[in-house]
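Comments concern the structure below.
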Amino acid sequence: MTLNSLFKTYNRVDLSFEKGEGVWLEGSDGRRYLDMGAGIAVTSLGHAHPHLVEALQTAATKPWHTSNLYRISEQERLADRLCDATFADKVFFCNSGAEANEAAIKAARRYHYAKGAPNRTRIVTVEGAFHGRTLGTIAAGGSPKYLEGFGEPLTGFDQVPFNDLAAAKKAVGPDTAAILVEPIQGEGGIRVMDPQVLRGLRQLCDDNGILLIFDEVQTGIGRMGTLFAYQSLGVTPDILTSAKGLGGGFPIGACLATEEASTGLVPGTHGTTFGGNALAATIGNAVLDVVLSDGFLDAVKQKGLLAKQLLAGIVDSHPSVFAEVRGEGLMLGVKCVAPIGDVVTAARNEGLLLIPAGESTARLLPALVVSDEEIREAATRLDKAASAVESAEASAKA
Ligand SMILES: *Cc1c(COP(=O)(O)O)cnc(C)c1O
């Protein structure tokens, strides 16, 4: 087993995991790791959740894939349930977050096209955003480091500073189709949008007859203690994208929309081979069985509060390592003063898996089934990791 045959697209840690249960992983080095990353907010119910294992096993013996040329009962059921639980009237399924955003962008453009305003193609986006790695979504995200070397970016995106409603107002013009925003920026470093600004963006969209798109690929599927973050914020979009936690580790994405916002994508205008196949949709349904069960989301809220409080204490006691706690629910981050790589490595040495974000934030995005005790254990390990970073800094100075 070597890395030689793989594209060099990732800087991987020399560690793999063959066993896992809940928020625990057993490493190829024989150590047990407390997984506070959940594969980047994906394994929403932890590893080897019995209900997901059972759903996968049952689905395995039925047709996995028949294509969207035919009806797919599990896909229809998943769509019905997502619509029942949200603002949405319609769902389009795909396989990833980037594809969900591509669907959202195409839906927004076609919406105006169908209404006789084909010039309305431009999308206002926010600095520091991350919407995926397709050619369309790197243009939407606007990050030079993801655009460099890939030629002329897809046109039609107007980027405004973070939390700057006045700039958004200026950016909206006669050619604008939509505003696309993450309620909390994930890859950008757990940067929380001001709810007031989100409300302002909603109003701006209403005033101009344009669509509000929330990218909830990371914030969604219970992470905020509501199925989607918009439900905690009280600002409802016209289109919402989901992926990561939706399949609990199985690749599935979704673009949710109001009846009206979905009208442009008539037969033949968009599609996918795999999207929402029986296997993926069955697992998506199994994830919802658990996430929407009585009391589950309230418990997430409580756990988020506990985690945030413990993290705040750790940040206070290690001012040379950490600057602040960010985030809501179980989408939390600690902004680091010490180099982020040092913090993530020190945490791993303590058997704690964190996810770096932006230039300087370590993310905690645990499975939603994490217990209070496991949250306390994560805090203890993070505290030790911070002490190790401090000792290393002290001896480097000496
Ligand atoms: C991860 C992420 C994406 C991209 O999802 P992929 O499945 O990697 O394509 C898009 N938007 C947000 C907010 C994300 O966190």
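Convention: chains lettered A, B, ... in structure tokens order; per-chain residue numbering from 1; ligands numbered from 1 as shown.
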
- Message: Using only C-alpha atoms, which protein or nucleic acid residues come within 10 Å of Phe228 (chain A)? Drop anything in the same chain fewer than 5 positions from it, and give the result as a PyMOL selection string.
- Response: chain A and resi 85-86+183+214+216-223+233+240-242

- Task: Around ligand 1, at most 10 Å away and counting only C-alpha atoms and all ligand atoms, which residues are there? Put them as a PyMOL selection string, please.
- Result: chain A and resi 40-42+94-102+129-134+137-138+141+181-188+214-220+241-245+251-253

Selection file, C-alpha atoms, as a compact mmCIF listing (two decimals), in the first residue's frame:
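The new file result-v4.txt reads:
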```
# COMPACT_ATOMS: atom_id res chain seq x y z
CA ILE A 40 -15.38 17.08 7.61
CA ALA A 41 -18.91 17.19 9.06
CA VAL A 42 -20.02 14.13 7.08
CA CYS A 94 -26.95 14.85 -6.69
CA ASN A 95 -23.75 13.44 -5.21
CA SER A 96 -21.82 16.25 -3.53
CA GLY A 97 -21.93 19.75 -2.15
CA ALA A 98 -20.37 21.27 -5.24
CA GLU A 99 -22.99 19.62 -7.44
CA ALA A 100 -25.77 20.83 -5.17
CA ASN A 101 -24.46 24.38 -5.58
CA GLU A 102 -24.15 23.93 -9.35
CA ALA A 129 -16.91 31.66 0.93
CA PHE A 130 -16.42 28.06 -0.07
CA HIS A 131 -18.90 26.41 -2.41
CA GLY A 132 -16.90 23.50 -3.85
CA ARG A 133 -14.21 22.72 -6.39
CA THR A 134 -15.97 22.52 -9.76
CA THR A 137 -18.15 26.76 -7.67
CA ILE A 138 -14.52 27.94 -7.51
CA GLY A 141 -16.13 31.06 -3.98
CA VAL A 181 -24.27 32.68 1.06
CA GLU A 182 -23.24 30.23 3.78
CA PRO A 183 -25.06 31.15 7.04
CA ILE A 184 -21.82 30.18 8.78
CA GLN A 185 -18.68 29.96 6.65
CA GLY A 186 -17.10 26.56 7.27
CA GLU A 187 -13.92 26.28 5.21
CA GLY A 188 -13.50 30.04 5.62
CA PHE A 214 -28.22 29.32 1.41
CA ASP A 215 -25.30 26.94 1.06
CA GLU A 216 -26.00 24.65 4.02
CA VAL A 217 -23.70 21.87 2.87
CA GLN A 218 -21.82 22.12 6.16
CA THR A 219 -24.31 23.81 8.51
CA GLY A 220 -27.19 21.48 7.64
CA THR A 241 -28.09 23.21 -0.74
CA SER A 242 -27.21 20.20 1.38
CA ALA A 243 -24.68 17.37 1.22
CA LYS A 244 -21.99 16.38 3.78
CA GLY A 245 -24.08 15.09 6.73
CA PRO A 251 -22.12 10.51 -0.96
CA ILE A 252 -25.39 12.36 -1.57
CA GLY A 253 -26.21 16.00 -2.17
```

- Message: For a quick check of understanding, using only C-alpha atoms, which of A:Ala229, A:Leu305, A:Ala104, A:Ala367 has the smallest distance to Gly22 (chain A)?
- Response: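 Closest to Gly22 (chain A), using only C-alpha atoms: A:Ala367.
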
- Of the residues A:Leu198, A:Val369, A:Leu332, A:Val337, which is the one nearest to Ile355 (chain A), using only C-alpha atoms? A:Leu332

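You can rank A:Tyr230, A:Leu82, A:Pro339, A:Lys90 by their closest distance to Ala323 (chain A) using only C-alpha atoms, and at the top of that list sits A:Pro339.
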
- Among listed residues A:Thr258, A:Thr380, A:Asn349, A:Ser391, nearest Arg31 (chain A) (using only C-alpha atoms):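 Closest to Arg31 (chain A) of all the choices is A:Asn349.
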
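Considering the residues A:Met193, A:Ile179, A:Leu279, A:Leu310 and counting only C-alpha atoms, Gly128 (chain A) has its shortest atom-to-atom contact with A:Met193.
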
- Residue contacts of Ala79 (chain A) (10 Å, only C-alpha atoms) excluding same-chain residues fewer than 6 positions away, as a list in words: Ser73, Ala85, Ala88, Asp89, Lys90, Val91, Phe92, Phe93, Ala254, Leu256, Gly276, Ala281, Gly284 and Asn285 of chain A

Using only C-alpha atoms, find each residue in region 106-195 of chain A having at least one atom no more than 12 Å away from region 260-273 of chain A; report its shortest atom-to-atom pair and that distance in Å (one decimal), rows by chain then rising number, as CSV.
```
residue,atom,partner,partner_atom,distance
A:Lys106,CA,A:Leu265,CA,7.8
A:Ala107,CA,A:Leu265,CA,5.9
A:Ala108,CA,A:Ala261,CA,6.8
A:Arg109,CA,A:Gly264,CA,7.9
A:Arg110,CA,A:Gly264,CA,4.5
A:Tyr111,CA,A:Gly264,CA,4.2
A:His112,CA,A:Gly264,CA,7.5
A:Tyr113,CA,A:Gly264,CA,7.2
A:Ala114,CA,A:Gly264,CA,5.5
A:Lys115,CA,A:Gly264,CA,8.2
A:Gly116,CA,A:Gly264,CA,10.7
A:Ala117,CA,A:Gly264,CA,11.6
A:Pro118,CA,A:Gly264,CA,11.2
A:Ala177,CA,A:Ala261,CA,11.0
A:Ala178,CA,A:Ala261,CA,10.6
```

- Please identify which residues in region 276-335 of chain A DSSP calls alpha helix (DSSP H) from the backbone, and express them as a ChimeraX atom specification. /A:278-291,296-317

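Interatomic distance, CA of Ile210 (chain A) to CA of Gly142 (chain A): 20.9 Å.
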
Find the nearest atom pair between each residue of region 269-357 of chain A and region 12-20 of chain A for residues within 12 Å, count only C-alpha atoms, give distances in Å to one decimal, sort rows by chain and ascending number, and present the table as a tab-separated table.
```
residue	atom	partner	partner_atom	distance
A:Gly341	CA	A:Val13	CA	11.4
A:Val344	CA	A:Val13	CA	11.0
A:Thr345	CA	A:Val13	CA	9.5
A:Arg348	CA	A:Val13	CA	10.2
A:Asn349	CA	A:Leu15	CA	11.9
A:Leu353	CA	A:Val13	CA	11.2
A:Ile355	CA	A:Val13	CA	12.0
```

- Task: Have a look at A:Val124, A:Ala140, A:Val325, A:Leu364 and name the one nearest to Cys205 (chain A); count only C-alpha atoms.
- Result: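 Residue with the minimum atom-to-atom distance to Cys205 (chain A): A:Val124.
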
- Within region 16-74 of chain A, find each residue whose DSSP state, derived from the backbone, is strand (DSSP E), and express the selection as a ChimeraX atom specification. /A:17-21,24-27,32-35

Could you save the residues just selected, with all heavy atoms, as a short mmCIF file (atom, residue, chain, number, x, y, z; two decimals), in the first residue's frame?
```
data_model
loop_
_atom_site.label_atom_id
_atom_site.label_comp_id
_atom_site.auth_asym_id
_atom_site.auth_seq_id
_atom_site.Cartn_x
_atom_site.Cartn_y
_atom_site.Cartn_z
N PHE A 17 -7.66 4.38 9.04
CA PHE A 17 -8.55 3.83 10.07
C PHE A 17 -9.34 2.67 9.49
O PHE A 17 -10.03 2.83 8.48
CB PHE A 17 -9.51 4.91 10.56
CG PHE A 17 -8.83 6.18 10.97
CD1 PHE A 17 -8.73 7.26 10.10
CD2 PHE A 17 -8.27 6.31 12.23
CE1 PHE A 17 -8.09 8.44 10.48
CE2 PHE A 17 -7.63 7.47 12.62
CZ PHE A 17 -7.54 8.54 11.74
N GLU A 18 -9.25 1.54 10.10
CA GLU A 18 -10.00 0.38 9.61
C GLU A 18 -11.19 0.07 10.52
O GLU A 18 -12.07 -0.69 10.14
CB GLU A 18 -9.10 -0.86 9.52
CG GLU A 18 -7.84 -0.66 8.66
CD GLU A 18 -8.12 -0.48 7.16
OE1 GLU A 18 -9.21 -0.88 6.71
OE2 GLU A 18 -7.26 0.08 6.47
N LYS A 19 -11.19 0.62 11.70
CA LYS A 19 -12.28 0.36 12.64
C LYS A 19 -12.79 1.67 13.22
O LYS A 19 -11.99 2.58 13.50
CB LYS A 19 -11.76 -0.48 13.82
CG LYS A 19 -11.78 -1.97 13.59
CD LYS A 19 -11.54 -2.67 14.93
CE LYS A 19 -11.00 -4.07 14.72
NZ LYS A 19 -10.35 -4.58 15.93
N GLY A 20 -14.10 1.71 13.47
CA GLY A 20 -14.64 2.91 14.09
C GLY A 20 -16.01 2.64 14.66
O GLY A 20 -16.77 1.82 14.13
N GLU A 21 -16.32 3.32 15.74
CA GLU A 21 -17.65 3.21 16.34
C GLU A 21 -17.99 4.53 17.00
O GLU A 21 -17.19 5.05 17.79
CB GLU A 21 -17.65 2.08 17.37
CG GLU A 21 -19.06 1.57 17.64
CD GLU A 21 -19.10 0.47 18.68
OE1 GLU A 21 -18.09 -0.25 18.83
OE2 GLU A 21 -20.13 0.37 19.35
N TRP A 24 -15.39 7.35 17.83
CA TRP A 24 -14.05 6.77 18.05
C TRP A 24 -13.55 6.06 16.81
O TRP A 24 -14.31 5.37 16.14
CB TRP A 24 -14.10 5.79 19.24
CG TRP A 24 -14.41 6.49 20.53
CD1 TRP A 24 -15.64 6.67 21.08
CD2 TRP A 24 -13.48 7.15 21.39
NE1 TRP A 24 -15.54 7.40 22.24
CE2 TRP A 24 -14.22 7.71 22.45
CE3 TRP A 24 -12.09 7.34 21.36
CZ2 TRP A 24 -13.63 8.44 23.49
CZ3 TRP A 24 -11.50 8.05 22.38
CH2 TRP A 24 -12.26 8.60 23.43
N LEU A 25 -12.28 6.25 16.53
CA LEU A 25 -11.63 5.59 15.40
C LEU A 25 -10.37 4.90 15.90
O LEU A 25 -9.67 5.42 16.77
CB LEU A 25 -11.24 6.61 14.33
CG LEU A 25 -12.37 7.11 13.41
CD1 LEU A 25 -11.89 8.31 12.61
CD2 LEU A 25 -12.86 6.01 12.50
N GLU A 26 -10.11 3.72 15.32
CA GLU A 26 -8.86 3.06 15.65
C GLU A 26 -7.88 3.25 14.50
O GLU A 26 -8.18 2.92 13.36
CB GLU A 26 -9.13 1.56 15.88
CG GLU A 26 -7.97 0.88 16.57
CD GLU A 26 -8.31 -0.59 16.85
OE1 GLU A 26 -9.36 -0.87 17.46
OE2 GLU A 26 -7.53 -1.45 16.40
N GLY A 27 -6.73 3.83 14.82
CA GLY A 27 -5.76 4.17 13.79
C GLY A 27 -4.88 3.00 13.40
O GLY A 27 -4.75 2.02 14.14
N ARG A 32 -6.31 4.78 19.68
CA ARG A 32 -7.71 5.16 19.57
C ARG A 32 -7.81 6.69 19.47
O ARG A 32 -7.17 7.41 20.24
CB ARG A 32 -8.45 4.70 20.83
CG ARG A 32 -9.35 3.49 20.59
CD ARG A 32 -9.72 2.82 21.87
NE ARG A 32 -10.68 3.60 22.67
CZ ARG A 32 -12.01 3.61 22.45
NH1 ARG A 32 -12.51 2.92 21.47
NH2 ARG A 32 -12.81 4.30 23.23
N TYR A 33 -8.58 7.15 18.52
CA TYR A 33 -8.73 8.59 18.30
C TYR A 33 -10.16 9.02 18.56
O TYR A 33 -11.11 8.33 18.15
CB TYR A 33 -8.35 8.96 16.87
CG TYR A 33 -6.86 8.85 16.61
CD1 TYR A 33 -6.30 7.63 16.21
CD2 TYR A 33 -6.02 9.94 16.78
CE1 TYR A 33 -4.94 7.52 15.99
CE2 TYR A 33 -4.66 9.83 16.56
CZ TYR A 33 -4.12 8.62 16.17
OH TYR A 33 -2.79 8.51 15.95
N LEU A 34 -10.29 10.16 19.20
CA LEU A 34 -11.60 10.79 19.40
C LEU A 34 -11.83 11.67 18.18
O LEU A 34 -11.11 12.66 17.98
CB LEU A 34 -11.57 11.58 20.71
CG LEU A 34 -12.84 12.23 21.21
CD1 LEU A 34 -14.04 11.29 21.15
CD2 LEU A 34 -12.65 12.73 22.64
N ASP A 35 -12.81 11.31 17.38
CA ASP A 35 -13.01 11.94 16.07
C ASP A 35 -13.93 13.16 16.18
O ASP A 35 -15.15 13.03 16.16
CB ASP A 35 -13.60 10.90 15.12
CG ASP A 35 -13.87 11.46 13.74
OD1 ASP A 35 -13.39 12.58 13.46
OD2 ASP A 35 -14.56 10.79 12.96
#
```

- Message: Would you compute the distance between CA of Ala388 (chain A) and CA of Ile190 (chain A)? Give it in Å to one decimal.
- Response: 24.2 Å
